[in-house]
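The data block below is protein-v3.txt; it holds compact mmCIF, C-alpha atoms and all ligand atoms.
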```txt
# COMPACT_ATOMS: atom_id res chain seq x y z
CA MET A 195 0.00 0.00 0.00
CA ARG A 196 1.13 3.57 -0.76
CA ARG A 197 -0.17 6.97 0.24
CA ASP A 198 -1.40 9.50 -2.28
CA PRO A 199 0.83 12.57 -1.58
CA VAL A 200 -2.04 14.95 -2.43
CA CYS A 201 -5.03 13.56 -0.55
CA ASN A 202 -3.29 11.26 1.92
CA MET A 203 -5.52 8.33 0.90
CA GLU A 204 -4.12 4.78 1.00
CA VAL A 205 -3.75 3.46 -2.56
CA ASP A 206 -2.91 0.07 -4.00
CA GLU A 207 0.21 0.49 -6.13
CA THR A 208 -0.99 -2.09 -8.67
CA THR A 209 -4.14 -0.07 -9.53
CA ALA A 210 -3.06 3.49 -8.60
CA VAL A 211 -2.52 6.28 -11.15
CA THR A 212 1.25 6.78 -11.24
CA VAL A 213 3.65 9.49 -12.32
CA GLU A 214 7.42 9.82 -12.36
CA HIS A 215 8.59 13.18 -11.14
CA GLY A 216 12.14 14.23 -10.35
CA GLY A 217 13.28 10.61 -10.72
CA GLU A 218 10.74 9.39 -8.11
CA ALA A 219 7.51 7.42 -8.59
CA PHE A 220 4.31 8.83 -7.06
CA TYR A 221 1.00 6.96 -6.63
CA PHE A 222 -2.42 8.65 -6.75
CA CYS A 223 -6.03 7.65 -6.03
CA SER A 224 -7.20 9.31 -9.23
CA GLU A 225 -6.22 11.34 -12.29
CA GLY A 226 -7.59 14.41 -10.46
CA CYS A 227 -5.07 14.10 -7.61
CA ARG A 228 -2.27 13.45 -10.11
CA ASP A 229 -3.19 16.63 -12.02
CA LYS A 230 -3.34 18.65 -8.80
CA PHE A 231 0.11 17.33 -7.82
CA LEU A 232 1.59 18.32 -11.19
CA ALA A 233 -0.07 21.77 -11.15
CA GLU A 234 1.14 22.51 -7.60
CA HIS A 235 4.69 21.49 -8.52
CA ARG A 236 4.58 23.61 -11.69
CA ASP A 237 3.22 26.69 -9.87
CA ARG A 238 5.18 25.91 -6.65
CA LYS A 239 2.07 26.90 -4.72
CA PRO A 240 -0.34 24.59 -2.87
CA ARG A 241 -4.01 25.57 -3.02
CA THR A 242 -5.33 26.98 0.24
CA SER A 243 -8.43 28.89 -0.76
CA TYR A 244 -11.83 27.63 -2.01
CA GLU A 245 -15.39 28.81 -2.49
CA LEU A 246 -16.76 25.88 -0.47
CA ILE A 247 -15.23 23.53 2.09
CA ILE A 248 -17.12 20.44 3.21
CA ILE A 249 -16.09 18.63 6.40
CA GLY A 250 -17.00 14.94 6.63
CA GLY A 251 -16.64 11.76 4.61
CA GLY A 252 -19.96 10.11 5.47
CA PRO A 253 -23.08 9.99 3.26
CA ALA A 254 -23.89 13.68 3.98
CA GLY A 255 -20.41 15.06 3.24
CA LEU A 256 -19.78 12.88 0.18
CA THR A 257 -23.19 13.64 -1.36
CA ALA A 258 -22.69 17.37 -0.70
CA ALA A 259 -19.28 17.14 -2.39
CA VAL A 260 -20.52 15.37 -5.53
CA TYR A 261 -23.55 17.70 -5.79
CA ALA A 262 -21.34 20.76 -5.40
CA ALA A 263 -19.02 19.45 -8.13
CA LYS A 264 -22.02 18.87 -10.43
CA LEU A 265 -23.13 22.46 -9.67
CA ARG A 266 -19.64 23.67 -10.63
CA VAL A 267 -18.82 25.07 -7.21
CA ASP A 268 -15.10 25.26 -6.42
CA THR A 269 -15.09 22.67 -3.60
CA PHE A 270 -12.66 21.02 -1.19
CA VAL A 271 -13.60 18.11 1.11
CA LEU A 272 -11.79 17.40 4.36
CA LEU A 273 -12.58 13.99 5.79
CA GLN A 274 -11.18 11.94 8.62
CA ASP A 275 -12.24 8.72 6.89
CA LEU A 276 -14.22 7.60 3.87
CA GLY A 277 -17.72 6.40 4.64
CA GLY A 278 -18.37 7.50 8.21
CA GLN A 279 -20.79 5.27 10.13
CA ALA A 280 -22.19 3.85 6.87
CA ILE A 281 -19.11 1.66 6.39
CA ASP A 282 -19.97 -0.19 9.62
CA SER A 283 -23.37 -1.31 8.37
CA THR A 284 -23.25 -4.93 7.26
CA LYS A 285 -26.77 -4.92 5.82
CA ILE A 286 -28.39 -1.84 4.28
CA GLU A 287 -31.94 -2.62 3.20
CA ASN A 288 -33.36 0.91 3.21
CA TYR A 289 -31.35 2.83 0.60
CA MET A 290 -33.20 3.46 -2.66
CA GLY A 291 -31.86 1.71 -5.73
CA PHE A 292 -30.67 -1.35 -3.81
CA ASP A 293 -32.77 -4.11 -2.25
CA PHE A 294 -29.67 -4.99 -0.27
CA ILE A 295 -26.14 -3.62 -0.15
CA THR A 296 -23.40 -3.75 2.47
CA GLY A 297 -21.93 -0.55 3.95
CA PRO A 298 -18.46 -1.12 2.44
CA GLU A 299 -20.02 -1.72 -1.04
CA LEU A 300 -22.11 1.46 -0.87
CA VAL A 301 -19.13 3.50 0.36
CA HIS A 302 -17.01 2.09 -2.50
CA LYS A 303 -19.63 3.46 -4.93
CA PHE A 304 -19.65 6.84 -3.12
CA LYS A 305 -15.83 6.92 -3.34
CA ASN A 306 -15.89 6.24 -7.08
CA GLN A 307 -18.33 9.11 -7.57
CA LEU A 308 -16.06 11.41 -5.54
CA ILE A 309 -12.74 10.64 -7.18
CA HIS A 310 -13.53 9.19 -10.62
CA SER A 311 -16.99 10.13 -12.00
CA ASN A 312 -16.72 13.71 -10.66
CA TYR A 313 -13.30 14.56 -9.29
CA VAL A 314 -13.69 16.64 -6.13
CA ASP A 315 -10.56 18.03 -4.48
CA HIS A 316 -10.25 16.16 -1.16
CA LYS A 317 -7.88 15.35 1.70
CA ILE A 318 -7.93 12.80 4.49
CA ALA A 319 -7.38 15.00 7.54
CA GLU A 320 -8.96 15.83 10.88
CA VAL A 321 -10.28 19.37 11.18
CA GLU A 322 -9.26 20.83 14.54
CA LYS A 323 -10.48 24.40 14.33
CA ILE A 324 -12.96 26.58 12.46
CA GLU A 325 -12.71 30.37 12.76
CA LYS A 326 -14.91 33.09 11.34
CA THR A 327 -13.06 35.57 9.11
CA PRO A 328 -14.36 38.76 7.42
CA GLU A 329 -14.48 36.87 4.08
CA GLY A 330 -15.86 33.58 5.39
CA PHE A 331 -14.07 30.91 7.44
CA ARG A 332 -10.59 29.60 8.19
CA VAL A 333 -10.35 25.81 8.64
CA THR A 334 -7.27 24.32 10.34
CA THR A 335 -6.40 20.61 10.26
CA SER A 336 -4.37 18.50 12.72
CA ASP A 337 -1.32 18.67 10.40
CA LEU A 338 -1.55 22.47 10.88
CA ALA A 339 -2.60 23.19 7.30
CA SER A 340 -4.98 26.15 7.02
CA TYR A 341 -7.63 26.74 4.35
CA LEU A 342 -9.86 29.71 3.61
CA THR A 343 -13.39 29.38 2.31
CA LYS A 344 -16.42 31.55 1.62
CA ALA A 345 -18.91 28.89 2.65
CA LEU A 346 -18.71 25.79 4.83
CA VAL A 347 -20.78 22.61 5.08
CA VAL A 348 -20.28 20.77 8.37
CA ALA A 349 -21.21 17.09 7.95
CA THR A 350 -19.24 15.57 10.82
CA GLY A 351 -21.89 13.03 11.84
CA MET A 352 -21.88 11.20 15.12
CA THR A 353 -19.51 9.11 17.26
CA ARG A 354 -20.34 6.15 19.49
CA ARG A 355 -21.03 6.68 23.18
CA LYS A 356 -18.87 5.00 25.81
CA LEU A 357 -20.19 3.01 28.81
CA ARG A 358 -17.88 4.76 31.30
CA VAL A 359 -17.58 1.73 33.61
CA PRO A 360 -14.43 0.31 35.30
CA GLY A 361 -12.43 -1.88 32.89
CA GLU A 362 -13.72 -0.24 29.68
CA GLU A 363 -10.51 1.63 28.88
CA GLU A 364 -8.25 -1.20 30.10
CA PHE A 365 -9.79 -3.83 27.78
CA GLN A 366 -10.24 -1.65 24.69
CA ARG A 367 -9.40 -3.70 21.60
CA GLN A 368 -8.63 -6.58 24.02
CA GLY A 369 -12.24 -7.66 23.93
CA VAL A 370 -14.06 -4.31 24.12
CA PHE A 371 -15.34 -2.92 20.80
CA TYR A 372 -17.69 -0.14 19.70
CA GLY A 373 -20.33 -1.14 17.17
CA ASN A 374 -19.70 -3.69 14.48
CA ILE A 375 -16.28 -5.02 13.55
CA GLN A 376 -15.43 -6.94 10.39
CA ASP A 377 -13.14 -9.64 11.81
CA LEU A 378 -14.95 -11.66 14.48
CA SER A 379 -12.52 -14.60 14.50
CA PHE A 380 -11.26 -13.74 18.00
CA VAL A 381 -14.67 -14.69 19.48
CA GLN A 382 -15.08 -17.88 17.42
CA GLY A 383 -16.62 -20.49 19.74
CA LYS A 384 -16.52 -18.12 22.76
CA ASP A 385 -19.17 -16.31 24.80
CA VAL A 386 -19.88 -12.65 24.05
CA VAL A 387 -21.98 -9.79 25.44
CA VAL A 388 -23.68 -7.11 23.35
CA ILE A 389 -24.98 -4.00 25.13
CA GLY A 390 -27.65 -1.90 23.42
CA GLY A 391 -31.29 -2.20 22.43
CA GLY A 392 -31.42 -0.47 19.03
CA ASN A 393 -31.03 -1.57 15.41
CA SER A 394 -27.21 -1.46 15.58
CA ALA A 395 -27.12 -3.86 18.55
CA ILE A 396 -29.46 -6.28 16.76
CA GLN A 397 -27.25 -6.17 13.64
CA ILE A 398 -24.23 -7.06 15.80
CA VAL A 399 -26.09 -9.92 17.51
CA ASP A 400 -27.02 -11.26 14.07
CA ASN A 401 -23.38 -11.24 12.94
CA LEU A 402 -22.29 -12.97 16.14
CA CYS A 403 -24.91 -15.71 16.24
CA THR A 404 -23.09 -17.98 13.76
CA VAL A 405 -19.66 -17.30 15.27
CA ALA A 406 -19.91 -17.07 19.07
CA ALA A 407 -20.78 -19.99 21.40
CA LYS A 408 -23.34 -17.92 23.30
CA THR A 409 -24.49 -14.31 22.98
CA TYR A 410 -25.90 -12.29 25.88
CA LEU A 411 -27.86 -9.18 24.93
CA VAL A 412 -28.10 -6.55 27.66
CA ALA A 413 -30.18 -3.39 27.31
CA ARG A 414 -32.15 -0.88 29.30
CA LYS A 415 -34.94 -1.45 26.75
CA PHE A 416 -35.19 -3.29 23.41
CA GLU A 417 -36.25 -0.48 21.09
CA ALA A 418 -35.08 -1.60 17.64
CA ASP A 419 -37.62 -1.50 14.79
CA PRO A 420 -40.12 -4.33 15.47
CA ALA A 421 -39.47 -5.81 11.98
CA VAL A 422 -35.72 -5.89 12.65
CA MET A 423 -36.22 -7.79 15.93
CA LYS A 424 -38.76 -10.17 14.38
CA ASN A 425 -36.46 -11.11 11.47
CA SER A 426 -33.31 -11.42 13.54
CA ASP A 427 -31.95 -14.94 14.14
CA GLY A 428 -29.43 -13.47 16.58
CA PHE A 429 -32.12 -11.75 18.65
CA ALA A 430 -34.09 -15.01 18.86
CA ALA A 431 -31.02 -17.01 19.91
CA ALA A 432 -29.47 -14.53 22.38
CA GLU A 433 -30.03 -14.75 26.14
CA LYS A 434 -31.68 -11.41 26.85
CA PHE A 435 -31.35 -9.13 29.88
CA GLU A 436 -33.83 -6.28 29.38
CA GLY A 437 -33.75 -3.64 32.12
CA TRP A 438 -30.16 -4.48 33.10
CA LYS A 439 -27.00 -2.40 32.90
CA ILE A 440 -23.27 -3.09 32.87
CA GLU A 441 -21.42 -2.37 36.13
CA ARG A 442 -17.84 -3.55 35.59
CA LEU A 443 -15.55 -5.45 33.21
CA ASP A 444 -12.96 -7.95 34.49
CA GLY A 445 -10.19 -9.90 32.85
CA ASP A 446 -6.50 -10.56 32.84
CA ARG A 447 -3.47 -9.84 30.70
CA SER A 448 -4.86 -11.82 27.77
CA GLY A 449 -8.04 -9.68 27.68
CA LEU A 450 -11.65 -9.50 28.81
CA ARG A 451 -13.04 -12.48 30.75
CA GLU A 452 -16.27 -11.38 32.50
CA VAL A 453 -18.93 -8.71 32.43
CA GLN A 454 -20.73 -7.80 35.67
CA ILE A 455 -24.33 -6.65 35.21
CA ARG A 456 -26.99 -5.30 37.58
CA LYS A 457 -30.76 -5.10 37.25
CA ALA A 458 -31.72 -1.40 37.23
CA ALA A 459 -33.06 -0.04 40.54
CA THR A 460 -32.26 -3.33 42.37
CA SER A 461 -29.19 -4.90 43.94
CA GLU A 462 -29.58 -8.09 41.86
CA THR A 463 -26.35 -8.77 39.98
CA ALA A 464 -25.03 -11.41 37.57
CA THR A 465 -21.66 -12.29 36.04
CA LEU A 466 -21.58 -13.16 32.34
CA PRO A 467 -18.53 -14.94 30.85
CA ALA A 468 -17.33 -12.91 27.85
CA ALA A 469 -14.32 -12.88 25.56
CA GLY A 470 -15.89 -9.95 23.72
CA LEU A 471 -18.10 -6.99 24.63
CA PHE A 472 -19.73 -5.07 21.78
CA ILE A 473 -21.02 -1.65 22.81
CA ALA A 474 -23.88 -0.17 20.79
CA ILE A 475 -25.55 2.31 23.16
CA GLY A 476 -26.01 5.23 20.85
CA LEU A 477 -24.03 8.10 19.49
CA HIS A 478 -23.34 11.76 20.16
CA PRO A 479 -23.07 14.49 17.51
CA ASN A 480 -19.60 15.71 16.51
CA SER A 481 -20.54 19.37 16.81
CA ALA A 482 -17.73 20.65 19.08
CA LEU A 483 -15.99 22.32 16.10
CA VAL A 484 -18.86 24.79 15.67
CA SER A 485 -20.18 24.96 19.24
CA THR A 486 -18.87 28.51 19.76
CA LEU A 487 -19.95 29.70 16.30
CA THR A 488 -23.56 28.60 16.03
CA GLN A 489 -26.51 27.33 18.03
CA LEU A 490 -26.74 23.73 19.25
CA ASN A 491 -29.83 22.10 20.75
CA GLU A 492 -29.99 20.26 24.10
CA ARG A 493 -28.65 17.08 22.42
CA GLY A 494 -25.66 18.98 21.04
CA GLU A 495 -26.98 18.89 17.44
CA VAL A 496 -26.43 21.85 15.11
CA ILE A 497 -29.73 23.69 14.61
CA ILE A 498 -30.45 24.11 10.89
CA ASN A 499 -33.10 25.78 8.77
CA PRO A 500 -34.99 23.79 6.08
CA ASP A 501 -32.22 24.64 3.55
CA CYS A 502 -29.46 23.37 5.92
CA SER A 503 -28.30 26.93 6.67
CA THR A 504 -27.52 27.97 10.27
CA ASP A 505 -27.79 31.34 12.03
CA ILE A 506 -24.30 32.23 10.67
CA PRO A 507 -24.27 33.34 7.01
CA GLY A 508 -22.25 30.89 4.91
CA LEU A 509 -22.30 28.13 7.54
CA PHE A 510 -24.36 25.08 6.56
CA ALA A 511 -24.70 21.70 8.25
CA ALA A 512 -26.01 18.34 7.02
CA GLY A 513 -26.65 14.80 8.19
CA ASP A 514 -26.52 13.22 11.64
CA VAL A 515 -24.72 16.18 13.25
CA THR A 516 -27.85 18.30 12.82
CA ASN A 517 -31.24 18.45 14.51
CA ALA A 518 -32.90 17.14 11.30
CA TYR A 519 -35.32 14.30 12.05
CA GLY A 520 -34.11 10.73 11.23
CA LYS A 521 -30.58 9.37 11.40
CA ARG A 522 -30.39 7.35 8.18
CA ILE A 523 -28.06 7.13 5.18
CA VAL A 524 -30.73 8.23 2.73
CA ILE A 525 -31.66 11.21 4.92
CA ALA A 526 -28.03 12.27 5.44
CA SER A 527 -27.42 12.01 1.67
CA GLY A 528 -30.54 14.09 0.94
CA ASP A 529 -29.42 16.72 3.46
CA GLY A 530 -25.97 16.79 1.85
CA ALA A 531 -27.54 17.52 -1.54
CA ARG A 532 -29.73 20.24 -0.02
CA ALA A 533 -26.75 21.86 1.73
CA ALA A 534 -24.76 21.91 -1.54
CA LEU A 535 -27.67 23.55 -3.40
CA ALA A 536 -28.10 26.18 -0.68
CA ALA A 537 -24.34 26.85 -0.48
CA LYS A 538 -24.28 27.39 -4.26
CA GLN A 539 -27.06 30.00 -3.94
CA TYR A 540 -25.13 31.71 -1.12
CA ILE A 541 -21.92 31.80 -3.22
CA LEU A 542 -23.82 33.13 -6.26
CA ALA A 543 -25.28 35.94 -4.11
CA LEU A 544 -21.74 36.83 -2.90
CA ARG A 545 -20.52 36.88 -6.53
CA ARG A 546 -23.41 39.20 -7.51
CA GLU A 547 -22.58 41.58 -4.61
CA LYS A 548 -19.01 42.07 -5.91
C1 LIG A 601 -23.58 0.01 12.81
C2 LIG A 601 -24.47 0.97 12.08
C3 LIG A 601 -25.37 0.48 11.15
C4 LIG A 601 -26.21 1.37 10.45
N1 LIG A 601 -27.08 0.86 9.54
C5 LIG A 601 -27.84 1.71 8.82
C6 LIG A 601 -28.70 1.19 7.80
O1 LIG A 601 -28.77 -0.02 7.58
N2 LIG A 601 -29.44 2.10 7.09
C7 LIG A 601 -29.39 3.45 7.32
O2 LIG A 601 -30.07 4.21 6.63
N3 LIG A 601 -28.58 3.96 8.28
C8 LIG A 601 -27.81 3.13 9.02
N4 LIG A 601 -26.99 3.63 9.99
C9 LIG A 601 -26.97 5.10 10.22
C10 LIG A 601 -26.17 5.82 9.13
O3 LIG A 601 -24.92 5.16 8.94
C11 LIG A 601 -25.98 7.29 9.49
O4 LIG A 601 -27.24 7.90 9.63
C12 LIG A 601 -25.20 8.03 8.38
O5 LIG A 601 -23.94 7.43 8.15
C13 LIG A 601 -25.01 9.50 8.76
O6 LIG A 601 -24.22 10.10 7.78
P1 LIG A 601 -23.39 11.46 8.06
O7 LIG A 601 -22.62 11.71 6.82
O8 LIG A 601 -24.29 12.50 8.57
O9 LIG A 601 -22.41 11.12 9.28
P2 LIG A 601 -21.31 10.00 9.50
O10 LIG A 601 -21.63 8.78 8.73
O11 LIG A 601 -21.16 9.90 10.98
O12 LIG A 601 -19.99 10.63 8.86
C14 LIG A 601 -19.31 11.70 9.47
C15 LIG A 601 -17.98 11.92 8.78
O13 LIG A 601 -17.37 13.09 9.29
C16 LIG A 601 -16.01 12.81 9.59
N5 LIG A 601 -15.55 13.72 10.65
C17 LIG A 601 -16.02 13.86 11.91
N6 LIG A 601 -15.32 14.80 12.57
C18 LIG A 601 -14.38 15.24 11.68
C19 LIG A 601 -13.33 16.21 11.77
N7 LIG A 601 -13.10 16.91 12.88
N8 LIG A 601 -12.55 16.41 10.67
C20 LIG A 601 -12.75 15.73 9.52
N9 LIG A 601 -13.74 14.80 9.39
C21 LIG A 601 -14.53 14.56 10.46
C22 LIG A 601 -16.05 11.35 10.04
O14 LIG A 601 -14.75 10.79 10.03
C23 LIG A 601 -16.98 10.79 8.98
O15 LIG A 601 -16.28 10.59 7.77
C24 LIG A 601 -26.14 2.79 10.70
C25 LIG A 601 -25.22 3.27 11.63
C26 LIG A 601 -24.38 2.38 12.32
C27 LIG A 601 -23.39 2.92 13.33
```

Structure re-expressed in C-alpha cells:
Amino acid sequence: MRRDPVCNMEVDETTAVTVEHGGEAFYFCSEGCRDKFLAEHRDRKPRTSYELIIIGGGPAGLTAAVYAAKLRVDTFVLLQDLGGQAIDSTKIENYMGFDFITGPELVHKFKNQLIHSNYVDHKIAEVEKIEKTPEGFRVTTSDLASYLTKALVVATGMTRRKLRVPGEEEFQRQGVFYGNIQDLSFVQGKDVVVIGGGNSAIQIVDNLCTVAAKTYLVARKFEADPAVMKNSDGFAAAEKFEGWKIERLDGDRSGLREVQIRKAATSETATLPAAGLFIAIGLHPNSALVSTLTQLNERGEVIINPDCSTDIPGLFAAGDVTNAYGKRIVIASGDGARAALAAKQYILALRREK
C-alpha cells in the first residue's frame, strides 16, 4: 500500500494512477489528484483557498461534495475517513436503488463518484479548528494546514457513546469494541456480550450468532424496529437481559473475561462470561468544532433551517450532526444535496454583490 501525496488516501500500487517526477515514482487515487500534484509542482504553490469547504466523509459530506461538483462550485472536502458510520453497516436494506447492499459496497460506490466520475478536491485529515473571518471561514487541520473558504458545510456526523464503567478503557481492543467489527474470529466459539437495544445492537447480535458460542444481549430497553427484531436470528437465539446495565468489566493480561451486570433499581447482579463486549448504546453528535460559532440544541446537534443553513451566514450543516429528524443514510445524503444547493445560492449571491 502507498499513500497518495495529495489527498493522503491509502492506494494500492498495482491499480493506482502513477507518475514519475524528479526521478521518483508517485501513486495517486485518481487522475484528479495526479493533475493537482503536477499543477502545484509547476506553480510551486499549494491551493489553500476555495469557495466551499465540506467537512465529513460520510453519506452527507460525500453527497454534498458530488452535488457541489455537479453544480460547478469550487469545492474542497476534508474527511477523517471515507464512509463515516455507513461503512460499519453490514446490511443496508433501506437505501433506494438497492434491495440490499453492504456498507463497504455502498461506500465504495460513493468513493468512485467522488474521485472518478466527478473529481472533487479532497484530503484525508482531521479538522481541529474553524474560525470566522471577514471573508468567510478559516479551517485548520491536525497537520496544521490552514484553508480559507467563503462557505462551509459541516457534515461531521456522530460518534459512538462509551459506557464509562471500570475496565472499559483497560480492555479496549482486548475484547471491548464499539459497534460492528469486520473480523470476528477472536470470538469464534466463545461467549460474548452485546450491550444496546437499538437496530445497531441487533445487527451485531445477528453477525455474532453464527460465530460465538453464546451471545448475551443486555439493554435498558429493546427499542429496535419491530421488523428488525422479528427477522433477527441473533435476537431469537441470544439470552436477553432487558432492564439491566453493565457495572464492571474484568479480565486478565490476555483480555476481557467477565462482564458484571446489575438489574436497574435493584441490587440483583449477575456475572456473564465474555471474551468480547460489543457496545452499541447510541451516538453523540460531533458538533464541538462549531459549538462557539452557532446554536446547538440540548442534544448537542447543530440547529439548521430547512435549507441546511444555520444562524451564521455561509455556515451550513447536514446529516446526523444536525437536529434534522431521522438518522439514516438516505436522509443524510438528501441533506448533503440540499446543503450543496443552498451553499451554491449563497456563493452566487456573494458573486453578484461584488
Ligand atoms: C452500525 C451501524 C449500522 C447502520 N445501519 C444503517 C442502515 O442499515 N441504514 C441506514 O439508513 N442507516 C444506518 N446507519 C446510520 C447511518 O450510517 C448514518 O445515519 C449516516 O452514516 C449518517 O451520515 P453522516 O454523513 O451524517 O455522518 P457520518 O456517517 O457519521 O460521517 C461523518 C464523517 O465526518 C467525519 N468527521 C467527523 N469529525 C471530523 C473532523 N473533525 N474532521 C474531519 N472529518 C470529520 C467522520 O470521520 C466521517 O467521515 C447505521 C449506523 C451504524 C453505526

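Taking only C-alpha atoms, the non-local environment of Ile309 of chain A within 9 Å (same-chain residues fewer than 3 positions away omitted) comprises Cys223, Ser224, Glu225, Gly226, Cys227, Phe304, Lys305, Asn306, Asn312, Tyr313, Val314, Asp315 and His316 of chain A.
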
(message) Taking all atoms listed in the file into account, name the residue in A:Leu544, A:Val524, A:Ala418, A:Ala537 that is nearest to ligand LIG 601 (chain A).
(response)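 Closest to ligand LIG 601 (chain A), using all atoms listed in the file: A:Val524.
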
(request) For atom CA of Cys201 of chain A and atom CA of Pro479 of chain A, quote the distance in Å rounded to one decimal. (result) 25.5 Å

(request) Would you mind reading off the distance between atom CA of Met352 of chain A and atom CA of Ser340 of chain A, one decimal, in Å? (result)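 Here the two named atoms are 24.0 Å from each other.
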
(message) Taking (-24.7, 24.9, 6.8) as a centre in this file's frame and 8 Å as the limit, can you find every polymer residue with an atom that close, using all atoms listed in the file, and give them as a list in words?
(response)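 It turns out the residues near that spot are Leu346, Val347, Val348, Ile498, Cys502, Ser503, Thr504, Gly508, Leu509, Phe510, Ala511, Ala512, Ala533 and Ala537 of chain A.
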
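Using all atoms listed in the file, the smallest distance between any of A:Ala531, A:Leu466, A:Ala254, A:Ile318 and ligand LIG 601 (chain A) comes from A:Ala254.
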
(message) Using only C-alpha atoms, which protein or nucleic acid residues come within 8 Å of segment 383-388 of chain A? Drop anything in the same chain fewer than 6 positions from it, and give the result as a ChimeraX atom specification.
(response) /A:395,398-399,405-412,453,466-474

Store the residues picked out above, limited to C-alpha atoms, as a tab-separated table (two decimals), in the coordinates of the input.
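Output below, filename again11.tsv:
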```tsv
chain	number	residue	atom	x	y	z
A	395	ALA	CA	-27.12	-3.86	18.55
A	398	ILE	CA	-24.23	-7.06	15.80
A	399	VAL	CA	-26.09	-9.92	17.51
A	405	VAL	CA	-19.66	-17.30	15.27
A	406	ALA	CA	-19.91	-17.07	19.07
A	407	ALA	CA	-20.78	-19.99	21.40
A	408	LYS	CA	-23.34	-17.92	23.30
A	409	THR	CA	-24.49	-14.31	22.98
A	410	TYR	CA	-25.90	-12.29	25.88
A	411	LEU	CA	-27.86	-9.18	24.93
A	412	VAL	CA	-28.10	-6.55	27.66
A	453	VAL	CA	-18.93	-8.71	32.43
A	466	LEU	CA	-21.58	-13.16	32.34
A	467	PRO	CA	-18.53	-14.94	30.85
A	468	ALA	CA	-17.33	-12.91	27.85
A	469	ALA	CA	-14.32	-12.88	25.56
A	470	GLY	CA	-15.89	-9.95	23.72
A	471	LEU	CA	-18.10	-6.99	24.63
A	472	PHE	CA	-19.73	-5.07	21.78
A	473	ILE	CA	-21.02	-1.65	22.81
A	474	ALA	CA	-23.88	-0.17	20.79
```

(request) For a cut-off of 7 Å around (-14.7, 21.7, 0.6), file coordinates, pick out all residues using all atoms listed in the file and list them as a PyMOL selection string. (result) chain A and resi 246-249+269-272

(request) Using only C-alpha atoms, determine which residues lie at most 9 Å from Val267 of chain A, disregarding the query and same-chain residues fewer than 5 positions distant; provide the list as a list in words. (result)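 Skipping anything fewer than 5 positions along the chain leaves Glu245, Leu246, Tyr261, Ala262, Ala534, Ala537, Lys538 and Ile541 of chain A.
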